[in-house]
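Trainee: Just run-v4.pdb, nothing more (PDB, C-alpha atoms):
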ATOM      1  CA  MET A   1     -16.834 -21.521  23.136
ATOM      2  CA  SER A   2     -15.058 -18.232  22.573
ATOM      3  CA  CYS A   3     -11.503 -17.109  22.829
ATOM      4  CA  ALA A   4     -10.195 -13.562  23.025
ATOM      5  CA  SER A   5      -6.523 -12.778  22.644
ATOM      6  CA  ARG A   6      -4.744  -9.499  22.995
ATOM      7  CA  GLY A   7      -1.413  -8.921  21.293
ATOM      8  CA  ARG A   8      -0.913  -5.335  22.387
ATOM      9  CA  THR A   9      -1.462  -3.524  25.671
ATOM     10  CA  SER A  10      -0.693  -0.038  26.936
ATOM     11  CA  ARG A  11       1.656  -1.364  29.605
ATOM     12  CA  GLY A  12       4.456  -3.847  29.106
ATOM     13  CA  THR A  13       6.245  -6.189  31.474
ATOM     14  CA  PRO A  14       9.460  -5.077  33.203
ATOM     15  CA  ASN A  15      11.586  -6.706  30.495
ATOM     16  CA  GLY A  16       9.786  -4.681  27.804
ATOM     17  CA  ARG A  17       7.791  -7.574  26.378
ATOM     18  CA  LYS A  18       4.131  -7.141  25.539
ATOM     19  CA  LYS A  19       1.467  -8.929  27.520
ATOM     20  CA  LEU A  20      -0.769 -11.544  25.952
ATOM     21  CA  LEU A  21      -4.141 -12.409  27.462
ATOM     22  CA  ILE A  22      -6.212 -15.442  26.457
ATOM     23  CA  THR A  23      -9.586 -16.185  27.983
ATOM     24  CA  VAL A  24     -12.077 -18.978  27.398
ATOM     25  CA  ASP A  25     -15.702 -18.297  28.283
ATOM     26  CA  THR A  26     -18.606 -20.497  27.202
ATOM     27  CA  LEU A  27     -21.094 -17.824  28.271
ATOM     28  CA  CYS A  28     -19.417 -14.811  26.694
ATOM     29  CA  ASN A  29     -21.263 -13.146  23.869
ATOM     30  CA  ALA A  30     -19.534  -9.786  23.761
ATOM     31  CA  ARG A  31     -17.611  -9.721  20.463
ATOM     32  CA  GLU A  32     -18.160  -5.992  19.850
ATOM     33  CA  GLU A  33     -17.100  -5.034  23.371
ATOM     34  CA  ALA A  34     -13.998  -7.225  23.190
ATOM     35  CA  GLU A  35     -12.912  -5.927  19.783
ATOM     36  CA  ALA A  36     -13.581  -2.319  20.812
ATOM     37  CA  SER A  37     -11.206  -2.868  23.729
ATOM     38  CA  GLY A  38      -8.433  -4.074  21.458
ATOM     39  CA  PHE A  39      -8.940  -7.820  21.796
ATOM     40  CA  ALA A  40      -9.044 -10.311  18.937
ATOM     41  CA  TYR A  41     -12.192 -12.391  19.361
ATOM     42  CA  PHE A  42     -12.740 -15.928  18.068
ATOM     43  CA  ASN A  43     -15.743 -18.204  18.471
ATOM     44  CA  ASP A  44     -13.691 -21.268  17.587
ATOM     45  CA  MET A  45     -10.726 -22.496  19.638
ATOM     46  CA  THR A  46      -8.962 -24.037  16.635
ATOM     47  CA  ARG A  47      -9.065 -20.762  14.690
ATOM     48  CA  ALA A  48      -7.895 -18.888  17.775
ATOM     49  CA  ALA A  49      -4.945 -21.251  18.241
ATOM     50  CA  ARG A  50      -3.939 -20.935  14.588
ATOM     51  CA  ALA A  51      -4.169 -17.165  14.729
ATOM     52  CA  LEU A  52      -2.102 -17.067  17.907
ATOM     53  CA  CYS A  53       0.564 -19.316  16.386
ATOM     54  CA  ALA A  54       0.728 -17.131  13.279
ATOM     55  CA  TYR A  55       0.956 -13.989  15.397
ATOM     56  CA  LEU A  56       3.765 -15.355  17.576
ATOM     57  CA  SER A  57       5.626 -16.669  14.535
ATOM     58  CA  ASN A  58       5.432 -13.296  12.816
ATOM     59  CA  ALA A  59       6.324 -11.465  15.993
ATOM     60  CA  LYS A  60       9.439 -13.610  16.391
ATOM     61  CA  ALA A  61      10.436 -13.076  12.758
ATOM     62  CA  THR A  62      10.090  -9.294  13.028
ATOM     63  CA  ALA A  63      11.201  -8.733  16.622
ATOM     64  CA  GLU A  64      14.609  -7.382  15.645
ATOM     65  CA  ASP A  65      13.188  -5.229  12.840
ATOM     66  CA  ALA A  66      10.656  -3.627  15.200
ATOM     67  CA  HIS A  67      13.494  -2.006  17.150
ATOM     68  CA  ILE A  68      15.215  -0.477  14.124
ATOM     69  CA  PRO A  69      14.622   3.295  14.288
ATOM     70  CA  PRO A  70      13.009   4.837  11.191
ATOM     71  CA  SER A  71      15.348   6.647   8.839
ATOM     72  CA  PRO A  72      15.407  10.473   8.670
ATOM     73  CA  ALA A  73      13.678  10.239   5.282
ATOM     74  CA  VAL A  74      10.846   8.195   6.774
ATOM     75  CA  LEU A  75      10.419  10.681   9.624
ATOM     76  CA  SER A  76      10.402  13.565   7.132
ATOM     77  CA  ALA A  77       7.688  11.847   5.104
ATOM     78  CA  ARG A  78       5.658  11.288   8.267
ATOM     79  CA  ALA A  79       5.864  15.000   9.054
ATOM     80  CA  SER A  80       4.662  15.805   5.529
ATOM     81  CA  LEU A  81       1.701  13.463   5.981
ATOM     82  CA  ALA A  82       0.865  14.998   9.361
ATOM     83  CA  ARG A  83       0.724  18.473   7.799
ATOM     84  CA  LEU A  84      -1.696  17.243   5.136
ATOM     85  CA  LYS A  85      -3.901  15.646   7.801
ATOM     86  CA  GLU A  86      -3.870  18.832   9.856
ATOM     87  CA  ALA A  87      -5.028  20.667   6.738
ATOM     88  CA  GLY A  88      -8.133  18.487   6.696
ATOM     89  CA  ARG A  89      -7.164  16.099   3.911
ATOM     90  CA  THR A  90      -8.734  12.640   3.870
ATOM     91  CA  ALA A  91      -6.732  11.125   0.983
ATOM     92  CA  LEU A  92      -3.871  11.959  -1.357
ATOM     93  CA  SER A  93      -3.963  12.123  -5.121
ATOM     94  CA  GLU A  94      -1.667   9.797  -7.043
ATOM     95  CA  VAL A  95       0.740  12.668  -7.736
ATOM     96  CA  GLU A  96       0.925  13.497  -4.009
ATOM     97  CA  GLY A  97       1.221   9.824  -3.114
ATOM     98  CA  LYS A  98       4.156   9.279  -5.443
ATOM     99  CA  ALA A  99       5.834  12.416  -4.126
ATOM    100  CA  LEU A 100       5.505  10.924  -0.624
ATOM    101  CA  LEU A 101       7.083   7.659  -1.841
ATOM    102  CA  GLN A 102      10.038   9.556  -3.274
ATOM    103  CA  GLU A 103      10.474  11.381   0.030
ATOM    104  CA  ILE A 104      10.585   7.993   1.770
ATOM    105  CA  GLY A 105      13.249   6.821  -0.697
ATOM    106  CA  VAL A 106      11.182   4.699  -3.097
ATOM    107  CA  ASP A 107      11.512   5.493  -6.810
ATOM    108  CA  ALA A 108       8.333   6.400  -8.689
ATOM    109  CA  VAL A 109       7.441   6.891 -12.348
ATOM    110  CA  THR A 110       8.128  10.456 -13.505
ATOM    111  CA  ASP A 111       5.005  12.458 -14.210
ATOM    112  CA  ARG A 112       3.950  15.907 -15.329
ATOM    113  CA  ARG A 113       0.653  17.457 -14.305
ATOM    114  CA  VAL A 114      -1.175  19.319 -17.070
ATOM    115  CA  HIS A 115      -4.323  21.430 -17.229
ATOM    116  CA  SER A 116      -5.199  21.667 -20.899
ATOM    117  CA  PRO A 117      -5.206  19.476 -24.030
ATOM    118  CA  GLU A 118      -2.306  21.506 -25.415
ATOM    119  CA  GLU A 119      -0.228  20.966 -22.276
ATOM    120  CA  ALA A 120      -1.021  17.255 -22.469
ATOM    121  CA  ALA A 121       0.231  17.077 -26.064
ATOM    122  CA  ALA A 122       3.432  18.917 -25.169
ATOM    123  CA  ALA A 123       4.046  16.665 -22.161
ATOM    124  CA  VAL A 124       3.650  13.495 -24.243
ATOM    125  CA  LEU A 125       6.255  14.758 -26.696
ATOM    126  CA  ALA A 126       8.612  15.810 -23.876
ATOM    127  CA  LEU A 127       8.355  12.613 -21.806
ATOM    128  CA  GLY A 128       8.391  10.261 -24.772
ATOM    129  CA  GLU A 129       5.848   8.143 -26.613
ATOM    130  CA  PRO A 130       3.862   6.130 -25.836
ATOM    131  CA  ALA A 131       2.606   7.749 -22.643
ATOM    132  CA  VAL A 132       0.012   7.200 -19.936
ATOM    133  CA  LEU A 133      -2.576   9.830 -18.996
ATOM    134  CA  LYS A 134      -4.334   9.631 -15.610
ATOM    135  CA  LEU A 135      -6.893  11.680 -13.749
ATOM    136  CA  VAL A 136      -5.474  13.537 -10.747
ATOM    137  CA  SER A 137      -7.998  13.686  -7.896
ATOM    138  CA  PRO A 138      -7.769  12.898  -4.171
ATOM    139  CA  ASP A 139     -11.455  11.964  -4.348
ATOM    140  CA  VAL A 140     -11.022   9.234  -6.999
ATOM    141  CA  LEU A 141      -8.710   6.520  -5.668
ATOM    142  CA  HIS A 142      -9.538   3.865  -8.280
ATOM    143  CA  LYS A 143      -9.298   5.780 -11.523
ATOM    144  CA  THR A 144      -9.890   2.893 -13.923
ATOM    145  CA  GLU A 145     -13.426   2.467 -12.581
ATOM    146  CA  ILE A 146     -14.466   5.796 -14.108
ATOM    147  CA  GLY A 147     -12.283   5.629 -17.217
ATOM    148  CA  GLY A 148      -9.647   7.871 -15.659
ATOM    149  CA  VAL A 149      -6.650   6.140 -17.281
ATOM    150  CA  ARG A 150      -5.445   5.999 -20.892
ATOM    151  CA  LEU A 151      -2.509   3.749 -21.831
ATOM    152  CA  GLY A 152      -0.220   3.840 -24.849
ATOM    153  CA  VAL A 153      -1.049   7.372 -25.936
ATOM    154  CA  ALA A 154       1.095   8.426 -28.912
ATOM    155  CA  GLY A 155       0.980  11.673 -30.866
ATOM    156  CA  GLU A 156      -0.340  15.131 -30.117
ATOM    157  CA  ALA A 157      -3.854  14.491 -31.446
ATOM    158  CA  ALA A 158      -4.219  11.338 -29.341
ATOM    159  CA  ALA A 159      -2.968  13.186 -26.266
ATOM    160  CA  ARG A 160      -5.523  15.963 -26.701
ATOM    161  CA  ALA A 161      -8.336  13.456 -27.232
ATOM    162  CA  ALA A 162      -7.297  11.399 -24.188
ATOM    163  CA  TYR A 163      -7.224  14.515 -22.019
ATOM    164  CA  ASP A 164     -10.740  15.522 -23.072
ATOM    165  CA  ASP A 165     -12.107  11.978 -22.699
ATOM    166  CA  ILE A 166     -10.735  11.542 -19.182
ATOM    167  CA  LEU A 167     -12.177  14.844 -17.966
ATOM    168  CA  ALA A 168     -15.552  14.187 -19.602
ATOM    169  CA  GLY A 169     -15.784  10.758 -17.976
ATOM    170  CA  ALA A 170     -14.817  12.109 -14.555
ATOM    171  CA  ARG A 171     -17.379  14.902 -14.698
ATOM    172  CA  ARG A 172     -20.065  12.429 -15.728
ATOM    173  CA  LEU A 173     -19.284   9.560 -13.326
ATOM    174  CA  ALA A 174     -17.780  11.489 -10.398
ATOM    175  CA  PRO A 175     -19.381  14.929 -10.614
ATOM    176  CA  ASP A 176     -18.501  15.901  -7.039
ATOM    177  CA  ALA A 177     -14.826  14.915  -7.232
ATOM    178  CA  ARG A 178     -12.188  17.600  -7.013
ATOM    179  CA  ILE A 179     -10.073  17.476 -10.178
ATOM    180  CA  ASP A 180      -6.471  18.691  -9.993
ATOM    181  CA  GLY A 181      -5.564  18.131 -13.631
ATOM    182  CA  ILE A 182      -4.240  15.208 -15.630
ATOM    183  CA  SER A 183      -0.966  13.381 -15.020
ATOM    184  CA  VAL A 184       1.175  12.486 -18.038
ATOM    185  CA  GLN A 185       3.857   9.841 -17.514
ATOM    186  CA  PRO A 186       5.995   7.445 -19.558
ATOM    187  CA  TYR A 187       4.436   4.075 -20.366
ATOM    188  CA  VAL A 188       6.823   1.732 -18.529
ATOM    189  CA  THR A 189       6.474  -1.879 -19.720
ATOM    190  CA  ASP A 190       9.771  -3.554 -18.775
ATOM    191  CA  GLY A 191       8.765  -4.699 -15.322
ATOM    192  CA  VAL A 192       6.730  -7.316 -13.471
ATOM    193  CA  GLU A 193       3.767  -5.786 -11.657
ATOM    194  CA  VAL A 194       3.432  -6.537  -7.950
ATOM    195  CA  LEU A 195       1.143  -5.151  -5.291
ATOM    196  CA  VAL A 196       2.385  -3.806  -1.962
ATOM    197  CA  GLY A 197      -0.439  -3.047   0.443
ATOM    198  CA  PHE A 198      -0.706  -1.965   4.067
ATOM    199  CA  THR A 199      -3.705  -2.219   6.372
ATOM    200  CA  ARG A 200      -3.965  -1.259  10.028
ATOM    201  CA  ASP A 201      -5.447  -3.980  12.192
ATOM    202  CA  PRO A 202      -7.045  -2.596  15.387
ATOM    203  CA  VAL A 203      -5.325  -5.283  17.470
ATOM    204  CA  PHE A 204      -2.034  -6.111  15.771
ATOM    205  CA  GLY A 205      -1.244  -2.811  14.069
ATOM    206  CA  TRP A 206       0.134  -2.372  10.573
ATOM    207  CA  MET A 207       0.260  -5.420   8.291
ATOM    208  CA  VAL A 208       2.127  -5.562   4.974
ATOM    209  CA  THR A 209       0.948  -7.696   2.051
ATOM    210  CA  VAL A 210       2.742  -8.432  -1.228
ATOM    211  CA  GLY A 211       1.291 -10.212  -4.230
ATOM    212  CA  LEU A 212       1.048 -10.190  -7.981
ATOM    213  CA  GLY A 213       0.020  -6.787  -9.311
ATOM    214  CA  GLY A 214      -3.139  -5.605 -10.994
ATOM    215  CA  VAL A 215      -6.174  -7.688  -9.968
ATOM    216  CA  PHE A 216      -4.316 -11.014  -9.780
ATOM    217  CA  THR A 217      -3.839 -10.919  -6.007
ATOM    218  CA  GLU A 218      -7.605 -10.712  -5.521
ATOM    219  CA  LEU A 219      -8.454 -13.238  -8.237
ATOM    220  CA  LEU A 220      -5.807 -15.846  -7.430
ATOM    221  CA  GLY A 221      -5.370 -15.243  -3.714
ATOM    222  CA  ASP A 222      -1.600 -15.351  -4.209
ATOM    223  CA  ALA A 223      -0.308 -13.085  -1.450
ATOM    224  CA  GLU A 224       1.920 -13.083   1.620
ATOM    225  CA  THR A 225       1.226 -10.997   4.736
ATOM    226  CA  ARG A 226       3.458 -10.105   7.685
ATOM    227  CA  LEU A 227       3.415  -7.739  10.635
ATOM    228  CA  ALA A 228       5.192  -4.475   9.848
ATOM    229  CA  PRO A 229       7.941  -3.482   9.854
ATOM    230  CA  VAL A 230       9.853  -6.074   7.865
ATOM    231  CA  SER A 231      13.510  -6.208   6.923
ATOM    232  CA  PRO A 232      14.635  -6.458   3.282
ATOM    233  CA  GLN A 233      15.449 -10.125   3.965
ATOM    234  CA  VAL A 234      11.934 -10.899   5.217
ATOM    235  CA  ALA A 235      10.389  -8.916   2.347
ATOM    236  CA  GLU A 236      12.387 -10.910  -0.207
ATOM    237  CA  GLU A 237      11.291 -14.135   1.478
ATOM    238  CA  MET A 238       7.670 -12.980   1.108
ATOM    239  CA  PHE A 239       8.131 -12.517  -2.635
ATOM    240  CA  ARG A 240       9.818 -15.911  -2.989
ATOM    241  CA  LYS A 241       6.880 -17.628  -1.274
ATOM    242  CA  LEU A 242       4.401 -16.384  -3.877
ATOM    243  CA  LYS A 243       3.046 -19.052  -6.195
ATOM    244  CA  GLY A 244       3.683 -16.668  -9.071
ATOM    245  CA  PHE A 245       7.311 -15.994  -8.082
ATOM    246  CA  ALA A 246       8.405 -17.585 -11.375
ATOM    247  CA  LEU A 247       7.191 -14.418 -13.106
ATOM    248  CA  LEU A 248       9.830 -12.509 -11.152
ATOM    249  CA  ASP A 249      12.475 -15.163 -11.706
ATOM    250  CA  GLY A 250      12.842 -15.105 -15.486
ATOM    251  CA  PHE A 251       9.759 -17.076 -16.533
ATOM    252  CA  ARG A 252      10.060 -18.449 -20.094
ATOM    253  CA  GLY A 253      13.280 -16.651 -20.818
ATOM    254  CA  ALA A 254      12.221 -13.214 -19.618
ATOM    255  CA  PRO A 255      14.871 -11.141 -17.788
ATOM    256  CA  LYS A 256      14.932 -11.791 -14.056
ATOM    257  CA  ALA A 257      13.361  -9.010 -12.014
ATOM    258  CA  ASP A 258      15.347  -7.157  -9.352
ATOM    259  CA  VAL A 259      13.637  -8.773  -6.366
ATOM    260  CA  ALA A 260      16.216  -7.326  -3.970
ATOM    261  CA  ALA A 261      15.255  -3.790  -5.050
ATOM    262  CA  ALA A 262      11.570  -4.575  -4.550
ATOM    263  CA  ALA A 263      12.299  -6.020  -1.107
ATOM    264  CA  HIS A 264      14.265  -2.898  -0.153
ATOM    265  CA  ALA A 265      11.286  -0.744  -1.183
ATOM    266  CA  VAL A 266       8.868  -2.895   0.847
ATOM    267  CA  ALA A 267      11.114  -2.597   3.925
ATOM    268  CA  LEU A 268      11.216   1.208   3.647
ATOM    269  CA  LEU A 269       7.466   1.408   3.134
ATOM    270  CA  SER A 270       6.841  -0.838   6.146
ATOM    271  CA  GLN A 271       8.979   1.459   8.296
ATOM    272  CA  PHE A 272       6.923   4.401   7.091
ATOM    273  CA  ALA A 273       3.598   2.689   7.828
ATOM    274  CA  VAL A 274       4.644   1.994  11.413
ATOM    275  CA  ALA A 275       6.012   5.528  11.842
ATOM    276  CA  ALA A 276       2.784   7.006  10.437
ATOM    277  CA  GLY A 277       0.777   5.077  13.026
ATOM    278  CA  ASP A 278      -2.843   6.210  13.095
ATOM    279  CA  LEU A 279      -2.311   9.037  10.593
ATOM    280  CA  MET A 280      -3.278   6.587   7.835
ATOM    281  CA  SER A 281      -5.922   3.908   7.468
ATOM    282  CA  GLU A 282      -4.842   2.509   4.074
ATOM    283  CA  PHE A 283      -1.661   2.581   2.006
ATOM    284  CA  GLU A 284      -1.148   0.756  -1.280
ATOM    285  CA  ILE A 285       1.252   0.706  -4.228
ATOM    286  CA  ASN A 286      -0.328  -1.097  -7.177
ATOM    287  CA  PRO A 287       1.589  -1.645  -9.221
ATOM    288  CA  LEU A 288       5.179  -1.601  -8.109
ATOM    289  CA  LEU A 289       7.084  -2.357 -11.314
ATOM    290  CA  VAL A 290       9.968  -4.709 -10.558
ATOM    291  CA  ARG A 291      12.375  -4.160 -13.431
ATOM    292  CA  PRO A 292      15.581  -5.995 -14.417
ATOM    293  CA  LYS A 293      17.355  -3.262 -12.455
ATOM    294  CA  GLY A 294      15.433  -1.432  -9.776
ATOM    295  CA  ALA A 295      11.789  -1.099  -8.771
ATOM    296  CA  LEU A 296       9.462   1.743  -9.681
ATOM    297  CA  ALA A 297       6.095   2.724  -8.190
ATOM    298  CA  ALA A 298       3.543   3.480 -10.910
ATOM    299  CA  ASP A 299       0.599   4.311  -8.642
ATOM    300  CA  ALA A 300      -0.052   5.019  -4.982
ATOM    301  CA  VAL A 301      -3.172   5.142  -2.816
ATOM    302  CA  VAL A 302      -2.907   6.864   0.556
ATOM    303  CA  VAL A 303      -6.039   7.192   2.709
ATOM    304  CA  LEU A 304      -5.766   9.227   5.885
ATOM    305  CA  SER A 305      -7.392   8.090   9.103
ATOM    306  CA  PRO A 306     -10.538   9.897  10.269
ATOM    307  CA  GLU A 307      -9.174   9.750  13.814
ATOM    308  CA  ASN A 308      -7.876  12.947  15.392
TER     309      ASN A 308
END
Translate this structure into structure tokens?

Mentor:
Amino acid sequence: MSCASRGRTSRGTPNGRKKLLITVDTLCNAREEAEASGFAYFNDMTRAARALCAYLSNAKATAEDAHIPPSPAVLSARASLARLKEAGRTALSEVEGKALLQEIGVDAVTDRRVHSPEEAAAAVLALGEPAVLKLVSPDVLHKTEIGGVRLGVAGEAAARAAYDDILAGARRLAPDARIDGISVQPYVTDGVEVLVGFTRDPVFGWMVTVGLGGVFTELLGDAETRLAPVSPQVAEEMFRKLKGFALLDGFRGAPKADVAAAAHAVALLSQFAVAAGDLMSEFEINPLLVRPKGALAADAVVVLSPEN
């Protein structure tokens, strides 16, 4: 038995609502054709029913948010992204990604791009010790996998050594990557790390996921996902449903994190994802540092869509 459901069509009903089509066909064996046409395909009726219930529940929860027009800042950021795509870019470097976040209205960790060991040493002294040094390359999205990040760098000699080590590792492990320097930024430790990720489903559109930062979302499966856009209220509810929410709520005497600020950031980012549409294929902030006052993006991954 198979079930195909469509949550989005090119034409709506007279009252503006989207059409939903469900078919049951015991002889159908055309998953690829159905999915290519924009239909969600299930070979199990129970799974199909659960997915449909989840979709309708999310759609109801976000119906009002979907009609909120994007802010001028979000539209400006979309225009910036469109120009980069027109220039042939396929991904943004972390520095460019964080600049995009700031244009949207989401705070990001201050950084300074340097191009020599001496500049790295000067930047560490200027921004404050300890510091973080990161490879800047639109071709290397996961920098830690090639040793492209150094934490807790203190002193001029350590800064010079970290600069040289990062470049040497990148040239050895990613020889074809374009390198745009090294980013030096303060080592921010007074925040709880959370992940905010966006993926574009071919049927349902942009989905937003929040979870514990670093690798914990993948390891523990502690995440909440909704259809974008979401309001600050829905975003805060997503955080509060995490099993690890206690870490944000003053676990073992730690200061409580500013969950409202994190929720506001997630709402803005979800507006941007929807406004960007098919300009992007992936968008992630990991980590977003939720501090006692405010939230700060420490890294950003933005992958542009190959579609024209």

Trainee: Please determine, counting all atoms listed in the file, which residue among A:Asp258, A:Asp201, A:Asp222, A:Asp139 has the shortest atom-to-atom distance to A:Ala177.

Mentor: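 Residue with the minimum atom-to-atom distance to A:Ala177: A:Asp139.
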
Trainee: Neighbouring residues of A:Ala262 were defined as those with any atom within 7 Å, considering all atoms listed in the file; residues of the same chain fewer than 4 positions away were excluded. Please report them as a list of chain:residue names.

Mentor: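 What passes the distance filter is A:Asp258, A:Val266, A:Val290, A:Ala295.
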
Trainee: Could you state which residues are captured by the PyMOL selection byres ((chain A and resi 221) around 12) in this file, as number ranges by chain?

Mentor: A: 209-213, 215-220, 222-225, 242-244

Trainee: With all atoms listed in the file as the counted atoms, please give the residues lying no more than 6 Å from A:Val230, apart from itself and same-chain residues fewer than 2 positions off, as a list in words.

Mentor: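 Within the cut-off, the hits are Ala228, Val234 and Ala267 of chain A.
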
Trainee: Report the distance between atom CA of A:Gly169 and atom CA of A:Ala99 in Å, rounded to one decimal place.

Mentor: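 Separating atom CA of A:Gly169 from atom CA of A:Ala99 is a distance of 25.7 Å.
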
Trainee: Applying the PyMOL selection byres ((chain A and resi 116) around 9) to the file I just gave you, which residues come out? Please list them as a PDB file with C-alpha atoms, in the coordinates of the input.

Mentor:
ATOM      1  CA  VAL A 114      -1.175  19.319 -17.070  1.00  0.00           C
ATOM      2  CA  HIS A 115      -4.323  21.430 -17.229  1.00  0.00           C
ATOM      3  CA  PRO A 117      -5.206  19.476 -24.030  1.00  0.00           C
ATOM      4  CA  GLU A 118      -2.306  21.506 -25.415  1.00  0.00           C
ATOM      5  CA  GLU A 119      -0.228  20.966 -22.276  1.00  0.00           C
ATOM      6  CA  ALA A 120      -1.021  17.255 -22.469  1.00  0.00           C
ATOM      7  CA  ALA A 121       0.231  17.077 -26.064  1.00  0.00           C
ATOM      8  CA  ARG A 160      -5.523  15.963 -26.701  1.00  0.00           C
ATOM      9  CA  TYR A 163      -7.224  14.515 -22.019  1.00  0.00           C
ATOM     10  CA  ASP A 164     -10.740  15.522 -23.072  1.00  0.00           C
ATOM     11  CA  GLY A 181      -5.564  18.131 -13.631  1.00  0.00           C
ATOM     12  CA  ILE A 182      -4.240  15.208 -15.630  1.00  0.00           C
TER      13      ILE A 182
END

Trainee: Which of these, A:Ala82, A:Val136, A:Val106, A:Val184, has the shortest distance to A:Ala261 once you count all atoms listed in the file?

Mentor: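 Looking only at the distances to A:Ala261, the closest residue turns out to be A:Val106.
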
Trainee: I'd like the interatomic distance between atom CA of A:Pro69 and atom CA of A:Phe239, to a tenth of an Å.

Mentor: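 Separating atom CA of A:Pro69 from atom CA of A:Phe239 is a distance of 24.1 Å.
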
Trainee: Using only C-alpha atoms for the distances, tell me which of A:Leu52, A:Val149, A:Leu269, A:Ala159 is nearest to A:Val208.

Mentor: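 Counting only C-alpha atoms, the residue closest to A:Val208 is A:Leu269.
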
Trainee: Skip stretch 188-192 of chain A itself and residues of its chain fewer than 2 positions away, then list as a ChimeraX atom specification all residues within 9 Å of it, counting only C-alpha atoms.

Mentor: /A:109,131-132,185-186,194,212-213,247-248,257,287-292,295-296,298

Trainee: From the set A:Val124, A:Ala273, A:Val74, A:Ile146, which residue has the shortest atom-to-atom contact distance to A:Tyr187, counting all atoms listed in the file?

Mentor: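 With all atoms listed in the file as the atom set, the closest residue is A:Val124.
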
Trainee: Can you work out which one of A:Gly88, A:Gly205, A:Pro70, A:Pro229 has the shortest atom-to-atom distance to A:Leu304, counting all atoms listed in the file?

Mentor: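 Of A:Gly88, A:Gly205, A:Pro70, A:Pro229, the one nearest A:Leu304, counting all atoms listed in the file, is A:Gly88.
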
Trainee: Within 12 Å of A:Leu279, counting all atoms listed in the file, which residues qualify if same-chain residues fewer than 4 places away don't, as a PDB file with C-alpha atoms, in the coordinates of the input?

Mentor:
ATOM      1  CA  ALA A  77       7.688  11.847   5.104  1.00  0.00           C
ATOM      2  CA  ARG A  78       5.658  11.288   8.267  1.00  0.00           C
ATOM      3  CA  ALA A  79       5.864  15.000   9.054  1.00  0.00           C
ATOM      4  CA  SER A  80       4.662  15.805   5.529  1.00  0.00           C
ATOM      5  CA  LEU A  81       1.701  13.463   5.981  1.00  0.00           C
ATOM      6  CA  ALA A  82       0.865  14.998   9.361  1.00  0.00           C
ATOM      7  CA  ARG A  83       0.724  18.473   7.799  1.00  0.00           C
ATOM      8  CA  LEU A  84      -1.696  17.243   5.136  1.00  0.00           C
ATOM      9  CA  LYS A  85      -3.901  15.646   7.801  1.00  0.00           C
ATOM     10  CA  GLU A  86      -3.870  18.832   9.856  1.00  0.00           C
ATOM     11  CA  GLY A  88      -8.133  18.487   6.696  1.00  0.00           C
ATOM     12  CA  ARG A  89      -7.164  16.099   3.911  1.00  0.00           C
ATOM     13  CA  THR A  90      -8.734  12.640   3.870  1.00  0.00           C
ATOM     14  CA  ALA A  91      -6.732  11.125   0.983  1.00  0.00           C
ATOM     15  CA  ARG A 200      -3.965  -1.259  10.028  1.00  0.00           C
ATOM     16  CA  TRP A 206       0.134  -2.372  10.573  1.00  0.00           C
ATOM     17  CA  PHE A 272       6.923   4.401   7.091  1.00  0.00           C
ATOM     18  CA  ALA A 273       3.598   2.689   7.828  1.00  0.00           C
ATOM     19  CA  VAL A 274       4.644   1.994  11.413  1.00  0.00           C
ATOM     20  CA  ALA A 275       6.012   5.528  11.842  1.00  0.00           C
ATOM     21  CA  PHE A 283      -1.661   2.581   2.006  1.00  0.00           C
ATOM     22  CA  VAL A 302      -2.907   6.864   0.556  1.00  0.00           C
ATOM     23  CA  VAL A 303      -6.039   7.192   2.709  1.00  0.00           C
ATOM     24  CA  LEU A 304      -5.766   9.227   5.885  1.00  0.00           C
ATOM     25  CA  SER A 305      -7.392   8.090   9.103  1.00  0.00           C
ATOM     26  CA  PRO A 306     -10.538   9.897  10.269  1.00  0.00           C
ATOM     27  CA  GLU A 307      -9.174   9.750  13.814  1.00  0.00           C
ATOM     28  CA  ASN A 308      -7.876  12.947  15.392  1.00  0.00           C
TER      29      ASN A 308
END

Trainee: Let me know the centre plus edge lengths, in Å and rounded to one decimal, of a box with edges along x, y and z that contains all listed atoms of stretch 182-190 of chain A and is padded by 3 Å on every side, as lines of an AutoDock Vina configuration file.

Mentor:
center_x = 2.8
center_y = 5.8
center_z = -17.7
size_x = 20.0
size_y = 24.8
size_z = 11.3

Trainee: Given the choices A:Asp249, A:Glu129, A:Asp165, A:Asp176, which gets closest to A:Gly152 if the distance is worked out from all atoms listed in the file?

Mentor: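 Smallest separation from A:Gly152 among the options: A:Glu129.
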
Trainee: Up to 9 Å from (6.3, 16.7, -11.9) in the file's coordinates: name the residues, counting all atoms listed in the file, as a list of chain:residue names.

Mentor: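 Checking each residue against the 9 Å limit leaves A:Val95, A:Ala99, A:Thr110, A:Asp111, A:Arg112, A:Arg113, A:Ser183.
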
Trainee: Have a look at atom CA of A:Ala170 and atom CA of A:Gly155 and let me know their distance in Å, one decimal.

Mentor: 22.7 Å
